[in-house]
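Structure, as structure tokens:
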Amino acid sequence: VYLAALEANFTPATIAIDMPMRFTVAGKSYEPQNYSGDFLGPMTMRTALEQSRNVVAIRFAEATGLKQVAD
């Protein structure tokens with residue numbers, strides 16, 4: 001995810017927000033969580049990677065494009 005984001009011209013200083021999010025697909029809801037269960041608000045890509053923040057990784061994946069991440 002982070003390599004694809006860097007290749008898409010995001011930088012380690014790019015800010016994303018670590019906050020709850022929800023997806024609904026085919027009537028089913030999914031709320032990704034961080035391992036710790038908490039949310040820390042705005043943070044840089046570098047900090048998110050260092051702290052392994054799952055929700056921020058998802059935000060970068062969405063912003064980069066899921067096809068680019070998969071490739």
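Naming scheme: A, B, ... for chains in displayed order of the structure tokens; residues 1 onward per chain; ligands 1 onward as shown.
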So which residues touch region 68-70 of chain A within 9 Å, counting only C-alpha atoms, skipping near sequence neighbours fewer than 6 positions away, as a PyMOL selection string?
chain A and resi 1-5+8+61-62
Dump N, CA, C and O atoms for the selected residues as a compact mmCIF listing (two decimals), in the first residue's frame?
```
# COMPACT_ATOMS: atom_id res chain seq x y z
N VAL A 1 0.83 -1.20 0.00
CA VAL A 1 0.00 0.00 0.00
C VAL A 1 0.87 1.25 0.00
O VAL A 1 0.67 2.16 -0.81
N TYR A 2 1.84 1.29 0.91
CA TYR A 2 2.64 2.51 1.03
C TYR A 2 3.55 2.72 -0.18
O TYR A 2 3.74 3.86 -0.62
N LEU A 3 4.09 1.65 -0.76
CA LEU A 3 4.91 1.79 -1.96
C LEU A 3 4.07 2.34 -3.10
O LEU A 3 4.49 3.25 -3.81
N ALA A 4 2.87 1.81 -3.28
CA ALA A 4 1.99 2.32 -4.33
C ALA A 4 1.66 3.79 -4.10
O ALA A 4 1.63 4.58 -5.04
N ALA A 5 1.43 4.18 -2.86
CA ALA A 5 1.14 5.58 -2.54
C ALA A 5 2.34 6.47 -2.87
O ALA A 5 2.19 7.55 -3.44
N ALA A 8 2.58 7.01 -6.44
CA ALA A 8 1.51 7.90 -6.89
C ALA A 8 1.73 9.34 -6.42
O ALA A 8 0.81 10.15 -6.43
N ALA A 61 -4.72 3.44 0.55
CA ALA A 61 -5.07 2.53 -0.54
C ALA A 61 -6.21 3.11 -1.38
O ALA A 61 -6.15 3.09 -2.62
N GLU A 62 -7.22 3.66 -0.72
CA GLU A 62 -8.34 4.27 -1.44
C GLU A 62 -7.87 5.48 -2.25
O GLU A 62 -8.27 5.65 -3.39
```
Enumerate, as a PyMOL selection string, the complete set of residues in chain A that a backbone-based DSSP assignment places in alpha helix (DSSP H).
chain A and resi 2-7+45-51+54-64+66-70
Residues at most 9 Å from Thr47 (chain A), counting only C-alpha atoms, excluding those fewer than 4 positions away in the same chain, as a PDB file with all heavy atoms, in the first residue's frame?
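What ended up in selection-v4.pdb:
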```pdb
ATOM      1  N   PRO A  12       6.158  10.780   2.459  1.00  0.00           N
ATOM      2  CA  PRO A  12       6.092  10.363   3.859  1.00  0.00           C
ATOM      3  C   PRO A  12       5.462  11.424   4.765  1.00  0.00           C
ATOM      4  O   PRO A  12       4.998  11.105   5.852  1.00  0.00           O
ATOM      5  CB  PRO A  12       7.557  10.120   4.233  1.00  0.00           C
ATOM      6  CG  PRO A  12       8.201   9.758   2.937  1.00  0.00           C
ATOM      7  CD  PRO A  12       7.517  10.631   1.911  1.00  0.00           C
ATOM      8  N   ALA A  13       5.421  12.663   4.313  1.00  0.00           N
ATOM      9  CA  ALA A  13       4.835  13.741   5.109  1.00  0.00           C
ATOM     10  C   ALA A  13       3.350  13.962   4.815  1.00  0.00           C
ATOM     11  O   ALA A  13       2.708  14.791   5.457  1.00  0.00           O
ATOM     12  CB  ALA A  13       5.599  15.044   4.859  1.00  0.00           C
ATOM     13  N   MET A  43      -2.309  12.093  11.007  1.00  0.00           N
ATOM     14  CA  MET A  43      -0.907  11.686  11.147  1.00  0.00           C
ATOM     15  C   MET A  43      -0.278  11.557   9.771  1.00  0.00           C
ATOM     16  O   MET A  43      -0.974  11.409   8.772  1.00  0.00           O
ATOM     17  CB  MET A  43      -0.783  10.370  11.906  1.00  0.00           C
ATOM     18  CG  MET A  43      -1.357   9.171  11.213  1.00  0.00           C
ATOM     19  SD  MET A  43      -1.144   7.647  12.159  1.00  0.00           S
ATOM     20  CE  MET A  43      -1.949   8.046  13.682  1.00  0.00           C
ATOM     21  N   GLN A  51       3.721   3.017  13.086  1.00  0.00           N
ATOM     22  CA  GLN A  51       2.814   2.509  14.115  1.00  0.00           C
ATOM     23  C   GLN A  51       1.850   1.444  13.591  1.00  0.00           C
ATOM     24  O   GLN A  51       1.001   0.966  14.336  1.00  0.00           O
ATOM     25  CB  GLN A  51       2.027   3.665  14.730  1.00  0.00           C
ATOM     26  CG  GLN A  51       2.901   4.643  15.454  1.00  0.00           C
ATOM     27  CD  GLN A  51       2.101   5.738  16.138  1.00  0.00           C
ATOM     28  OE1 GLN A  51       0.881   5.686  16.237  1.00  0.00           O
ATOM     29  NE2 GLN A  51       2.800   6.744  16.625  1.00  0.00           N
ATOM     30  N   SER A  52       2.001   1.088  12.324  1.00  0.00           N
ATOM     31  CA  SER A  52       1.165   0.062  11.687  1.00  0.00           C
ATOM     32  C   SER A  52      -0.327   0.350  11.887  1.00  0.00           C
ATOM     33  O   SER A  52      -1.084  -0.494  12.369  1.00  0.00           O
ATOM     34  CB  SER A  52       1.522  -1.323  12.234  1.00  0.00           C
ATOM     35  OG  SER A  52       0.879  -2.311  11.471  1.00  0.00           O
ATOM     36  N   ARG A  53      -0.747   1.547  11.479  1.00  0.00           N
ATOM     37  CA  ARG A  53      -2.140   1.960  11.632  1.00  0.00           C
ATOM     38  C   ARG A  53      -2.961   1.437  10.448  1.00  0.00           C
ATOM     39  O   ARG A  53      -2.845   1.921   9.320  1.00  0.00           O
ATOM     40  CB  ARG A  53      -2.253   3.481  11.736  1.00  0.00           C
ATOM     41  CG  ARG A  53      -1.415   4.120  12.840  1.00  0.00           C
ATOM     42  CD  ARG A  53      -1.705   3.594  14.199  1.00  0.00           C
ATOM     43  NE  ARG A  53      -3.033   3.970  14.650  1.00  0.00           N
ATOM     44  CZ  ARG A  53      -3.499   3.688  15.843  1.00  0.00           C
ATOM     45  NH1 ARG A  53      -2.764   3.036  16.714  1.00  0.00           N
ATOM     46  NH2 ARG A  53      -4.704   4.047  16.175  1.00  0.00           N
TER      47      ARG A  53
END
```
Option closest in space to Asp18 (chain A), from A:Lys67, A:Leu49, A:Val55, A:Gly37 [counting only C-alpha atoms]:
A:Val55
Please extract the residues of chain A with a backbone DSSP assignment of strand (DSSP E or B) and present them as a compact mmCIF listing (two decimals) with all heavy atoms, in the first residue's frame.
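For reference, result32.txt as written:
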```
# COMPACT_ATOMS: atom_id res chain seq x y z
N ILE A 15 -0.48 13.77 5.06
CA ILE A 15 -1.35 13.56 6.22
C ILE A 15 -2.58 12.76 5.82
O ILE A 15 -3.21 13.02 4.79
CB ILE A 15 -1.81 14.92 6.81
CG1 ILE A 15 -0.62 15.78 7.20
CG2 ILE A 15 -2.78 14.70 7.97
CD1 ILE A 15 0.11 15.32 8.43
N ALA A 16 -2.93 11.79 6.64
CA ALA A 16 -4.20 11.07 6.53
C ALA A 16 -4.80 11.01 7.93
O ALA A 16 -4.09 11.17 8.93
CB ALA A 16 -3.99 9.67 5.97
N ILE A 17 -6.09 10.78 8.00
CA ILE A 17 -6.76 10.82 9.30
C ILE A 17 -7.09 9.41 9.77
O ILE A 17 -7.74 8.63 9.07
CB ILE A 17 -8.03 11.68 9.24
CG1 ILE A 17 -7.64 13.10 8.82
CG2 ILE A 17 -8.74 11.68 10.59
CD1 ILE A 17 -8.80 14.02 8.62
N ASP A 18 -6.63 9.10 10.96
CA ASP A 18 -6.91 7.84 11.61
C ASP A 18 -8.18 8.02 12.42
O ASP A 18 -8.17 8.52 13.54
CB ASP A 18 -5.72 7.46 12.51
CG ASP A 18 -5.86 6.09 13.15
OD1 ASP A 18 -6.62 5.26 12.62
OD2 ASP A 18 -5.19 5.85 14.17
N PHE A 23 -17.60 0.62 5.48
CA PHE A 23 -17.91 0.24 4.11
C PHE A 23 -19.17 -0.61 4.15
O PHE A 23 -19.35 -1.43 5.04
CB PHE A 23 -16.79 -0.63 3.51
CG PHE A 23 -15.47 0.05 3.43
CD1 PHE A 23 -14.51 -0.15 4.41
CD2 PHE A 23 -15.17 0.89 2.37
CE1 PHE A 23 -13.28 0.46 4.34
CE2 PHE A 23 -13.94 1.51 2.29
CZ PHE A 23 -12.99 1.30 3.27
N THR A 24 -20.02 -0.43 3.15
CA THR A 24 -21.18 -1.30 3.00
C THR A 24 -21.15 -1.87 1.59
O THR A 24 -21.13 -1.13 0.62
CB THR A 24 -22.50 -0.54 3.24
OG1 THR A 24 -22.45 0.05 4.54
CG2 THR A 24 -23.70 -1.45 3.14
N VAL A 25 -21.10 -3.19 1.52
CA VAL A 25 -21.08 -3.89 0.24
C VAL A 25 -22.11 -5.00 0.31
O VAL A 25 -22.11 -5.81 1.24
CB VAL A 25 -19.68 -4.48 -0.05
CG1 VAL A 25 -19.68 -5.26 -1.35
CG2 VAL A 25 -18.62 -3.38 -0.07
N LYS A 28 -23.85 -5.65 3.53
CA LYS A 28 -23.06 -5.98 4.71
C LYS A 28 -22.12 -4.83 5.04
O LYS A 28 -21.50 -4.25 4.16
CB LYS A 28 -22.26 -7.26 4.49
CG LYS A 28 -23.14 -8.48 4.35
CD LYS A 28 -22.32 -9.74 4.27
CE LYS A 28 -23.24 -10.94 4.17
NZ LYS A 28 -22.49 -12.19 4.14
N SER A 29 -22.00 -4.55 6.31
CA SER A 29 -21.19 -3.44 6.79
C SER A 29 -19.86 -3.95 7.34
O SER A 29 -19.81 -5.00 7.99
CB SER A 29 -21.95 -2.70 7.88
OG SER A 29 -21.48 -1.40 8.01
N TYR A 30 -18.79 -3.22 7.06
CA TYR A 30 -17.46 -3.57 7.57
C TYR A 30 -16.82 -2.31 8.12
O TYR A 30 -16.80 -1.27 7.46
CB TYR A 30 -16.60 -4.15 6.45
CG TYR A 30 -15.15 -4.32 6.83
CD1 TYR A 30 -14.77 -5.20 7.83
CD2 TYR A 30 -14.16 -3.60 6.19
CE1 TYR A 30 -13.44 -5.36 8.19
CE2 TYR A 30 -12.83 -3.75 6.53
CZ TYR A 30 -12.48 -4.62 7.53
OH TYR A 30 -11.17 -4.77 7.88
N GLY A 41 -6.33 10.24 15.09
CA GLY A 41 -6.54 11.47 14.34
C GLY A 41 -5.52 11.65 13.22
O GLY A 41 -4.94 10.69 12.73
N PRO A 42 -5.27 12.91 12.82
CA PRO A 42 -4.36 13.17 11.70
C PRO A 42 -2.94 12.70 12.01
O PRO A 42 -2.44 12.89 13.12
CB PRO A 42 -4.40 14.69 11.55
CG PRO A 42 -5.63 15.13 12.27
CD PRO A 42 -5.86 14.13 13.35
N MET A 43 -2.31 12.09 11.01
CA MET A 43 -0.91 11.69 11.15
C MET A 43 -0.28 11.56 9.77
O MET A 43 -0.97 11.41 8.77
CB MET A 43 -0.78 10.37 11.91
CG MET A 43 -1.36 9.17 11.21
SD MET A 43 -1.14 7.65 12.16
CE MET A 43 -1.95 8.05 13.68
N THR A 44 1.04 11.63 9.74
CA THR A 44 1.75 11.49 8.48
C THR A 44 1.80 10.03 8.05
O THR A 44 1.62 9.12 8.86
CB THR A 44 3.20 12.01 8.60
OG1 THR A 44 3.90 11.18 9.54
CG2 THR A 44 3.26 13.47 9.01
```
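Counting from CA of Asp38 (chain A), the distance to CA of Asn9 (chain A) is 28.4 Å.
Compared by their closest atoms to Ala48 (chain A), and using only C-alpha atoms, the residues A:Glu7, A:Gln33, A:Thr14, A:Met21 rank with A:Thr14 nearest.
Relative to CA of Leu6 (chain A), CA of Thr64 (chain A) is found at 8.9 Å.
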